[in-house]
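Here the structure is laid out as structure tokens; the discussion comes afterwards.
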Amino acid sequence: MTRPTELTIRRPDDWHVHLRDGALLHGVAPHTARQFARAIVMPNLSPPMTDRAGVAAYRERILAATGSARFTPLMTLYLTDATCPDEVERGFGEGVFVAAKLYPAHATTGSAHGVTDIAQIRPVLERMAAIGMPLLIHGEVTDAHVDIFDREAVFIDRTLTRLVADLPDLRVVFEHITTAEAADFVAGAGPNVAATITPQHLHINRNAMLVGGIRPHAYCLPVAKREHHRLALRKLATSGFDRVFLGTDTAPHAQHLKEAACGCAGLFNAPFALESYATVFEEEGALDRFEAFASLNGPAFYRLPVNEDTVTLRRETVTVPDVIDCNGTPIVPFHAGETLNWKFVF
Ligand code: DOR
Ligand code: ZN
């Protein structure tokens with residue numbers, strides 16, 4: 001079989017990004033806007049985006065920072081124990097946000113105001129089920145007794161299984177899945193449950209973080225797991241299954257905040273996101289399924305139209321820089337110093 005030298009697909013969307021705020025927003029958002037038409041923007045700022053006014057103002061700041069007329073940020077609401085169902089419904093109805101995000105309290109960066117117990121937000125979830133509004137879930141338990149490598153699988157057993165059984169109409173995106181258990185769960189769930197997968201969880205297992213020295217730039221949450229989990233994720237992503245889609249979880253942190261005694265969680269993968277994913281699909285012999293994962297499955301689940309324009313990747317070696325200056329903040333990107341075999345052209 002001849003290997004294609006160019007790949008043109010409908011322009012993809014990124015269904016999970018952290019764009020930050022202030023000067024850093026201006027440094028990182030253009031990287032996402034360059035490759036993607038739309039992006040689901042996480043609300044875990046400090047303070048978090050917990051109401052319509054805050055989310056609407058943040059959306060304006062993003063539009064100003066990207067400077068791209070063809071990029072559309074899709075906003076999300078940060079759920080807390082105190083979230084009011086009427087506020088959720090109003091914001092969704094007005095188009096201020098397209099989804100709400102559930103961070104279990106203290107699960108990850110910016111989750112201190114998250115939900116302490118899912119029972120606390122039951123009225124909100126019932127309302128979301130009634131109005132067809134997606135719930136985006138960071139699926140990890142926070143119980144100190146649960147090993148960090150088991151937190152996603154335990155979340156499925158303790159929380160997610162019951163949630164989707166109790167509220168079958170609730171539309172759920174199980175975000176940035178990292179385990180074979182999560183892949184199996186989504187593959188076996190009904191039509192209202194979908195998942196996103198990051199490039200890093202398709203490329204690396206936990207050895208990348210811990211062998212030959214500790215590598216903070218491979219550390220994100222949920223943390224990368226064993227090799228058999230990575231293989232299960234690659235299988236699901238490239239299988240053609242229609243409820244799994246692209247979500248980079250690009251989560252930039254300044255270099256010095258990662259290279260620290262207590263380094264921040266999160267990888268900055270936006271600058272070479274499509275190159276990174278395309279590499280995986282090619283390695284799996286599934287380039288013909290890349291467009292569905294990147295550009296079709298997400299809009300179908302979110303009930304949005306697919307994008308009309310296209311992007312092209314060319315077979316060409318690109319070297320990922322060691323550090324990228326993001327409007328004055330040096331950030332080490334995912335794949336720093338490595339070469340990838342695809343180049344984003346336009
Ligand atoms: O690694 C991560 N970084 N995981 C998250 O859930 C949050 C994110 C961030 O905001 O930095
Ligand atoms: Zn995230």
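Numbering starts fresh at 1 for the residues of each chain in the structure tokens, the chains themselves are lettered A, B, ... in the order given, and ligands are numbered from 1 as they appear.
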Would you mind listing the residues within 7 Å of ligand 1, counting only C-alpha atoms and all ligand atoms, as a ChimeraX atom specification?
-> /A:18,44,108-110,138,219-222,251-253,264-267
Would you mind listing what lies within 7 Å of stretch 189-199 of chain A as an MDAnalysis selection string, with only C-alpha atoms counted and same-chain residues fewer than 2 positions away left out?
-> chainID A and resid 169:177 185:187 201:203 243:249 276:277
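Atom CA of A:Thr179 to atom CA of A:Val280 spans 17.1 Å [interatomic distance, one decimal].
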Shortest contact to ligand 2, candidates A:Val332, A:Ala37, A:Val223, A:Ala153, atoms counted only C-alpha atoms and all ligand atoms, goes to A:Val223
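Residues surrounding A:Arg70 within 10 Å are Ala33, Arg34, Phe36, Ala37, Arg38 and Leu63 of chain A [only C-alpha atoms; sequence separation below 6 positions excluded].
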Skip A:Leu24 itself and residues of its chain fewer than 3 positions away, then list as a VMD selection string all residues within 9 Å of it, counting only C-alpha atoms.
-> chain A and resid 19 to 21 27 to 29 252 326 to 329
From the DSSP assignment of the backbone, select every residue of stretch 118-296 of chain A that is strand (DSSP E), and format the answer as an MDAnalysis selection string.
-> chainID A and resid 135:137 172:174 193:197 244:246
Please produce a file of those selected residues containing N, CA, C and O atoms, as a PDB file, in the first residue's frame.
```
ATOM      1  N   LEU A 135     -22.743  16.955  30.329  1.00  0.00           N
ATOM      2  CA  LEU A 135     -21.941  17.028  31.553  1.00  0.00           C
ATOM      3  C   LEU A 135     -20.558  16.486  31.217  1.00  0.00           C
ATOM      4  O   LEU A 135     -20.422  15.353  30.738  1.00  0.00           O
ATOM      5  N   LEU A 136     -19.536  17.287  31.474  1.00  0.00           N
ATOM      6  CA  LEU A 136     -18.157  16.888  31.195  1.00  0.00           C
ATOM      7  C   LEU A 136     -17.511  16.487  32.511  1.00  0.00           C
ATOM      8  O   LEU A 136     -17.511  17.269  33.461  1.00  0.00           O
ATOM      9  N   ILE A 137     -16.967  15.303  32.550  1.00  0.00           N
ATOM     10  CA  ILE A 137     -16.523  14.763  33.840  1.00  0.00           C
ATOM     11  C   ILE A 137     -15.021  14.523  33.887  1.00  0.00           C
ATOM     12  O   ILE A 137     -14.455  13.830  33.028  1.00  0.00           O
ATOM     13  N   VAL A 172     -23.220  12.545  28.800  1.00  0.00           N
ATOM     14  CA  VAL A 172     -21.975  12.565  29.578  1.00  0.00           C
ATOM     15  C   VAL A 172     -20.762  12.437  28.667  1.00  0.00           C
ATOM     16  O   VAL A 172     -20.715  11.545  27.816  1.00  0.00           O
ATOM     17  N   VAL A 173     -19.793  13.322  28.861  1.00  0.00           N
ATOM     18  CA  VAL A 173     -18.486  13.104  28.238  1.00  0.00           C
ATOM     19  C   VAL A 173     -17.496  12.747  29.353  1.00  0.00           C
ATOM     20  O   VAL A 173     -17.233  13.556  30.251  1.00  0.00           O
ATOM     21  N   PHE A 174     -17.006  11.545  29.276  1.00  0.00           N
ATOM     22  CA  PHE A 174     -15.988  11.049  30.210  1.00  0.00           C
ATOM     23  C   PHE A 174     -14.668  11.537  29.602  1.00  0.00           C
ATOM     24  O   PHE A 174     -14.219  11.045  28.569  1.00  0.00           O
ATOM     25  N   VAL A 193     -23.331   8.473  26.273  1.00  0.00           N
ATOM     26  CA  VAL A 193     -22.018   8.515  26.925  1.00  0.00           C
ATOM     27  C   VAL A 193     -20.916   8.493  25.860  1.00  0.00           C
ATOM     28  O   VAL A 193     -20.904   7.621  24.995  1.00  0.00           O
ATOM     29  N   ALA A 194     -20.019   9.484  25.961  1.00  0.00           N
ATOM     30  CA  ALA A 194     -18.895   9.570  25.026  1.00  0.00           C
ATOM     31  C   ALA A 194     -17.610   9.800  25.820  1.00  0.00           C
ATOM     32  O   ALA A 194     -17.644   9.998  27.041  1.00  0.00           O
ATOM     33  N   ALA A 195     -16.479   9.800  25.119  1.00  0.00           N
ATOM     34  CA  ALA A 195     -15.190  10.042  25.786  1.00  0.00           C
ATOM     35  C   ALA A 195     -14.274  10.841  24.866  1.00  0.00           C
ATOM     36  O   ALA A 195     -14.390  10.775  23.645  1.00  0.00           O
ATOM     37  N   THR A 196     -13.359  11.582  25.490  1.00  0.00           N
ATOM     38  CA  THR A 196     -12.259  12.182  24.749  1.00  0.00           C
ATOM     39  C   THR A 196     -10.963  11.481  25.153  1.00  0.00           C
ATOM     40  O   THR A 196     -10.859  10.917  26.251  1.00  0.00           O
ATOM     41  N   ILE A 197      -9.989  11.552  24.243  1.00  0.00           N
ATOM     42  CA  ILE A 197      -8.664  10.972  24.521  1.00  0.00           C
ATOM     43  C   ILE A 197      -7.605  11.985  24.099  1.00  0.00           C
ATOM     44  O   ILE A 197      -7.683  12.573  23.014  1.00  0.00           O
ATOM     45  N   VAL A 244     -16.154   8.454  20.567  1.00  0.00           N
ATOM     46  CA  VAL A 244     -14.851   8.852  21.097  1.00  0.00           C
ATOM     47  C   VAL A 244     -14.295   9.911  20.164  1.00  0.00           C
ATOM     48  O   VAL A 244     -14.417   9.791  18.942  1.00  0.00           O
ATOM     49  N   PHE A 245     -13.760  10.983  20.754  1.00  0.00           N
ATOM     50  CA  PHE A 245     -13.267  12.062  19.900  1.00  0.00           C
ATOM     51  C   PHE A 245     -12.097  12.811  20.525  1.00  0.00           C
ATOM     52  O   PHE A 245     -11.723  12.580  21.678  1.00  0.00           O
ATOM     53  N   LEU A 246     -11.562  13.690  19.695  1.00  0.00           N
ATOM     54  CA  LEU A 246     -10.329  14.413  20.019  1.00  0.00           C
ATOM     55  C   LEU A 246     -10.560  15.438  21.135  1.00  0.00           C
ATOM     56  O   LEU A 246     -11.474  16.260  21.050  1.00  0.00           O
TER      57      LEU A 246
END
```
Hey, what's within 9 Å of A:Thr317 if we count only C-alpha atoms and toss same-chain stuff fewer than 5 positions away? As a PyMOL selection string, please?
-> chain A and resi 339-343
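For the pair atom CA of A:Ala57 and atom CA of A:Val41, the interatomic distance is 13.1 Å.
The coordinates place atom CA of A:Asp117 at 12.1 Å from atom CA of A:Phe155.
With only C-alpha atoms and all ligand atoms as the atoms that count, the minimum distance from ligand 2 to the choices A:Asn269, A:Thr76, A:Thr250, A:Gln255 is reached by A:Thr250.
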